[in-house]
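Colleague: Right, I'll just put the structure down here and ask away after.
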Amino acid sequence: MKHIFASVFLLSPSLVLACPAPPDHSASTDALIAEIQSAQNEGEAQVVANQLWEFWADAPDDTAQEILDRGMRKRAAWDLLGALEDFDALVAYCPNYAEGYNQRAFVNFLRQDFAAALPDLEQAIELSPRHVGALSGRALSLIGLGREAESQDALAQALELNPWLPERGLLKPPRPKEKPGKDL
């Protein structure tokens with residue numbers, strides 16, 4: 001019995017441990033965002049964007065990293081329900097880690113459950129306001145929900161940080177304002 005009890009705690013570290021604060025990569029991500037904004041082409045920008053993802057996917061501790069990596073592997077294998085379980089566990093264990101919310105939102109986006117993705121994206125952005133992936137995910141989820149004006153604002157916000165996002169083609173030019181005139 002003693003061994004069963006001990007193994008439960010080894011298999012469920014969240015029952016024993018508290019998640020530490022996420023690493024502060026803000027100076028590094030700010031520098032990379034500045035670099036991506038001055039990129040000369042999409043290829044150059046993609047290299048920098050990949051470096052941003054390395055920082056966002058740097059979990060607060062080994063336990064959180066294992067949960068994140070496992071969930072991402074499941075998502076990549078299209079085990080979306082398994083990935084959701086892992087990201088639910090990650091958010092429960094590390095409620096101040098933006099990428100847990102962003103990844104759970106991405107799984108819901110893939111499931112075309114845009115309404116479920118949106119609150120997680122909002123939380124990820126609240127925790128990490130310059131998280132370009134969460135910002136563009138928010139824009140795409142709003143498009144999926146048919147919330148056109150909001151989606152355009154969200155997309156413009158993401159493109160301010162990374163003008164090379166693949167979603168840039170979804171940004172519509174602003175409509176010219178109608179000139180006041182006489183009704184006929």
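Residues are referred to by chain and number: the chain letter is A, B, ... according to the order shown in the structure tokens, the number counts from 1 in that chain, and ligands are numbered separately from 1 in the order shown.
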Tell me, as a PyMOL selection string, which residues lie within 7 Å of segment 155-170 of chain A, counting only C-alpha atoms; anything in the same chain fewer than 2 positions away does not count.
Modeller: chain A and resi 33+36-37+42+45+132+135-136+139+151-153+172
Colleague: Can I get the selection written as a PDB file, in the first residue's frame, with N, CA and C atoms?
Modeller:
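The result, stored in result.pdb:
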ATOM      1  N   ILE A  33      11.266  40.328 -31.564  1.00  0.00           N
ATOM      2  CA  ILE A  33      10.161  40.997 -32.251  1.00  0.00           C
ATOM      3  C   ILE A  33      10.695  42.188 -33.046  1.00  0.00           C
ATOM      4  N   ILE A  36      12.296  40.719 -36.104  1.00  0.00           N
ATOM      5  CA  ILE A  36      11.334  40.222 -37.099  1.00  0.00           C
ATOM      6  C   ILE A  36      10.668  41.388 -37.832  1.00  0.00           C
ATOM      7  N   GLN A  37      10.485  42.493 -37.142  1.00  0.00           N
ATOM      8  CA  GLN A  37       9.880  43.660 -37.768  1.00  0.00           C
ATOM      9  C   GLN A  37      10.790  44.280 -38.824  1.00  0.00           C
ATOM     10  N   GLU A  42      10.327  36.900 -45.953  1.00  0.00           N
ATOM     11  CA  GLU A  42       9.574  35.947 -45.134  1.00  0.00           C
ATOM     12  C   GLU A  42      10.466  34.851 -44.558  1.00  0.00           C
ATOM     13  N   ALA A  45      12.286  36.189 -41.603  1.00  0.00           N
ATOM     14  CA  ALA A  45      11.329  36.359 -40.513  1.00  0.00           C
ATOM     15  C   ALA A  45      10.975  35.023 -39.869  1.00  0.00           C
ATOM     16  N   VAL A 132       2.775  36.577 -30.150  1.00  0.00           N
ATOM     17  CA  VAL A 132       2.260  36.715 -31.513  1.00  0.00           C
ATOM     18  C   VAL A 132       1.383  35.526 -31.899  1.00  0.00           C
ATOM     19  N   LEU A 135      -1.968  36.014 -30.334  1.00  0.00           N
ATOM     20  CA  LEU A 135      -2.665  37.121 -30.994  1.00  0.00           C
ATOM     21  C   LEU A 135      -3.217  36.705 -32.356  1.00  0.00           C
ATOM     22  N   SER A 136      -2.412  35.997 -33.141  1.00  0.00           N
ATOM     23  CA  SER A 136      -2.919  35.559 -34.448  1.00  0.00           C
ATOM     24  C   SER A 136      -3.968  34.464 -34.281  1.00  0.00           C
ATOM     25  N   ALA A 139      -7.195  36.151 -33.647  1.00  0.00           N
ATOM     26  CA  ALA A 139      -7.770  36.681 -34.894  1.00  0.00           C
ATOM     27  C   ALA A 139      -8.442  35.560 -35.682  1.00  0.00           C
ATOM     28  N   SER A 151     -12.037  40.499 -35.589  1.00  0.00           N
ATOM     29  CA  SER A 151     -10.943  39.689 -36.135  1.00  0.00           C
ATOM     30  C   SER A 151      -9.939  40.568 -36.870  1.00  0.00           C
ATOM     31  N   GLN A 152     -10.422  41.567 -37.576  1.00  0.00           N
ATOM     32  CA  GLN A 152      -9.519  42.463 -38.298  1.00  0.00           C
ATOM     33  C   GLN A 152      -8.667  43.284 -37.333  1.00  0.00           C
ATOM     34  N   ASP A 153      -9.265  43.734 -36.238  1.00  0.00           N
ATOM     35  CA  ASP A 153      -8.503  44.470 -35.223  1.00  0.00           C
ATOM     36  C   ASP A 153      -7.447  43.562 -34.592  1.00  0.00           C
ATOM     37  N   LYS A 172      -7.919  42.766 -44.356  1.00  0.00           N
ATOM     38  CA  LYS A 172      -8.608  43.489 -45.418  1.00  0.00           C
ATOM     39  C   LYS A 172      -8.249  44.967 -45.330  1.00  0.00           C
TER      40      LYS A 172
END
Colleague: Can you list, as a PyMOL selection string, every protein, DNA or RNA residue that comes within 12 Å of segment 115-122 of chain A when you count only C-alpha atoms, leaving out same-chain residues fewer than 2 positions away?
Modeller: chain A and resi 84+87-88+91+95-113+124-147+151+154
Colleague: Keeping C-alpha atoms, export the residues of the selection given above as a PDB file, in the first residue's frame.
Modeller:
ATOM      1  CA  LEU A  84      -6.574  18.520 -24.440  1.00  0.00           C
ATOM      2  CA  PHE A  87      -3.069  20.962 -21.688  1.00  0.00           C
ATOM      3  CA  ASP A  88      -5.874  20.930 -19.102  1.00  0.00           C
ATOM      4  CA  VAL A  91      -3.109  24.923 -17.100  1.00  0.00           C
ATOM      5  CA  PRO A  95      -2.056  28.771 -14.297  1.00  0.00           C
ATOM      6  CA  ASN A  96       0.402  31.634 -14.905  1.00  0.00           C
ATOM      7  CA  TYR A  97       2.104  30.044 -17.921  1.00  0.00           C
ATOM      8  CA  ALA A  98       0.725  31.533 -21.146  1.00  0.00           C
ATOM      9  CA  GLU A  99       1.730  28.687 -23.435  1.00  0.00           C
ATOM     10  CA  GLY A 100      -0.492  26.200 -21.619  1.00  0.00           C
ATOM     11  CA  TYR A 101      -3.513  28.300 -22.544  1.00  0.00           C
ATOM     12  CA  ASN A 102      -2.229  28.959 -26.052  1.00  0.00           C
ATOM     13  CA  GLN A 103      -1.697  25.270 -26.774  1.00  0.00           C
ATOM     14  CA  ARG A 104      -5.096  24.300 -25.378  1.00  0.00           C
ATOM     15  CA  ALA A 105      -6.636  27.007 -27.556  1.00  0.00           C
ATOM     16  CA  PHE A 106      -4.782  25.658 -30.588  1.00  0.00           C
ATOM     17  CA  VAL A 107      -6.219  22.190 -30.007  1.00  0.00           C
ATOM     18  CA  ASN A 108      -9.713  23.662 -29.728  1.00  0.00           C
ATOM     19  CA  PHE A 109      -9.067  25.697 -32.873  1.00  0.00           C
ATOM     20  CA  LEU A 110      -8.100  22.487 -34.711  1.00  0.00           C
ATOM     21  CA  ARG A 111     -11.343  20.940 -33.433  1.00  0.00           C
ATOM     22  CA  GLN A 112     -13.098  24.037 -34.869  1.00  0.00           C
ATOM     23  CA  ASP A 113     -14.374  24.856 -31.399  1.00  0.00           C
ATOM     24  CA  ALA A 124      -2.559  33.722 -22.896  1.00  0.00           C
ATOM     25  CA  ILE A 125      -2.498  37.321 -24.163  1.00  0.00           C
ATOM     26  CA  GLU A 126      -3.187  38.675 -20.690  1.00  0.00           C
ATOM     27  CA  LEU A 127      -0.212  36.705 -19.362  1.00  0.00           C
ATOM     28  CA  SER A 128       2.004  37.425 -22.384  1.00  0.00           C
ATOM     29  CA  PRO A 129       0.733  40.510 -24.268  1.00  0.00           C
ATOM     30  CA  ARG A 130       3.302  40.186 -27.083  1.00  0.00           C
ATOM     31  CA  HIS A 131       2.645  36.485 -27.739  1.00  0.00           C
ATOM     32  CA  VAL A 132       2.260  36.715 -31.513  1.00  0.00           C
ATOM     33  CA  GLY A 133       0.971  33.155 -31.798  1.00  0.00           C
ATOM     34  CA  ALA A 134      -1.839  33.802 -29.327  1.00  0.00           C
ATOM     35  CA  LEU A 135      -2.665  37.121 -30.994  1.00  0.00           C
ATOM     36  CA  SER A 136      -2.919  35.559 -34.448  1.00  0.00           C
ATOM     37  CA  GLY A 137      -4.816  32.593 -33.008  1.00  0.00           C
ATOM     38  CA  ARG A 138      -7.282  35.036 -31.479  1.00  0.00           C
ATOM     39  CA  ALA A 139      -7.770  36.681 -34.894  1.00  0.00           C
ATOM     40  CA  LEU A 140      -8.340  33.311 -36.574  1.00  0.00           C
ATOM     41  CA  SER A 141     -10.777  32.201 -33.876  1.00  0.00           C
ATOM     42  CA  LEU A 142     -12.732  35.429 -34.263  1.00  0.00           C
ATOM     43  CA  ILE A 143     -12.873  34.815 -38.016  1.00  0.00           C
ATOM     44  CA  GLY A 144     -14.181  31.322 -37.278  1.00  0.00           C
ATOM     45  CA  LEU A 145     -16.872  32.837 -35.080  1.00  0.00           C
ATOM     46  CA  GLY A 146     -17.866  35.297 -37.816  1.00  0.00           C
ATOM     47  CA  ARG A 147     -16.820  38.313 -35.753  1.00  0.00           C
ATOM     48  CA  SER A 151     -10.943  39.689 -36.135  1.00  0.00           C
ATOM     49  CA  ALA A 154      -6.894  41.384 -33.660  1.00  0.00           C
TER      50      ALA A 154
END
Colleague: DSSP says alpha helix (DSSP H) for which residues of chain A? Put them as a ChimeraX atom specification?
Modeller: /A:2-11,26-37,42-56,62-76,80-93,98-110,114-127,132-144,148-161
Colleague: Name all residues at most 10 Å from Thr29 of chain A (count only C-alpha atoms; drop same-chain ones fewer than 6 positions away) and give them as a list in words.
Modeller: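 Near Thr29 of chain A, the qualifying residues are Glu35, Val48, Ala49, Gln51, Leu52, Trp53, Glu54, Phe55, Trp56, Arg130 and His131 of chain A.
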Colleague: Give me the residues near Pro60 of chain A as a list of chain:residue names, where near means some atom within 10 Å (using only C-alpha atoms) and where sequence neighbours in that chain fewer than 5 positions away do not count.
Modeller: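 The contact residues come out as A:Cys19, A:Pro20, A:Ala21, A:Pro22, A:Pro23, A:Asp24, A:Gln65, A:Cys94, A:Asn96, A:Tyr97.
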Colleague: Restricting the output to N, CA and C atoms, write the selected residues as a compact mmCIF listing (two decimals), in the first residue's frame.
Modeller:
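Saved to result-v3.txt:
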# COMPACT_ATOMS: atom_id res chain seq x y z
N CYS A 19 3.75 24.88 -9.23
CA CYS A 19 4.47 25.35 -10.41
C CYS A 19 5.17 26.67 -10.09
N PRO A 20 6.45 26.78 -10.42
CA PRO A 20 7.13 28.07 -10.21
C PRO A 20 6.68 29.08 -11.26
N ALA A 21 7.10 30.30 -11.06
CA ALA A 21 6.79 31.36 -12.03
C ALA A 21 7.43 31.02 -13.38
N PRO A 22 6.74 31.35 -14.46
CA PRO A 22 7.33 31.11 -15.78
C PRO A 22 8.62 31.92 -15.94
N PRO A 23 9.56 31.42 -16.74
CA PRO A 23 10.79 32.18 -16.97
C PRO A 23 10.47 33.51 -17.65
N ASP A 24 11.21 34.54 -17.29
CA ASP A 24 11.00 35.86 -17.88
C ASP A 24 11.92 36.02 -19.08
N GLN A 65 7.31 21.17 -18.43
CA GLN A 65 7.88 20.94 -19.76
C GLN A 65 7.47 19.58 -20.30
N CYS A 94 0.10 24.97 -13.89
CA CYS A 94 0.80 26.25 -14.09
C CYS A 94 -0.16 27.31 -14.64
N ASN A 96 -0.21 30.37 -14.49
CA ASN A 96 0.40 31.63 -14.91
C ASN A 96 1.33 31.47 -16.10
N TYR A 97 1.25 30.33 -16.77
CA TYR A 97 2.10 30.04 -17.92
C TYR A 97 1.26 30.17 -19.19
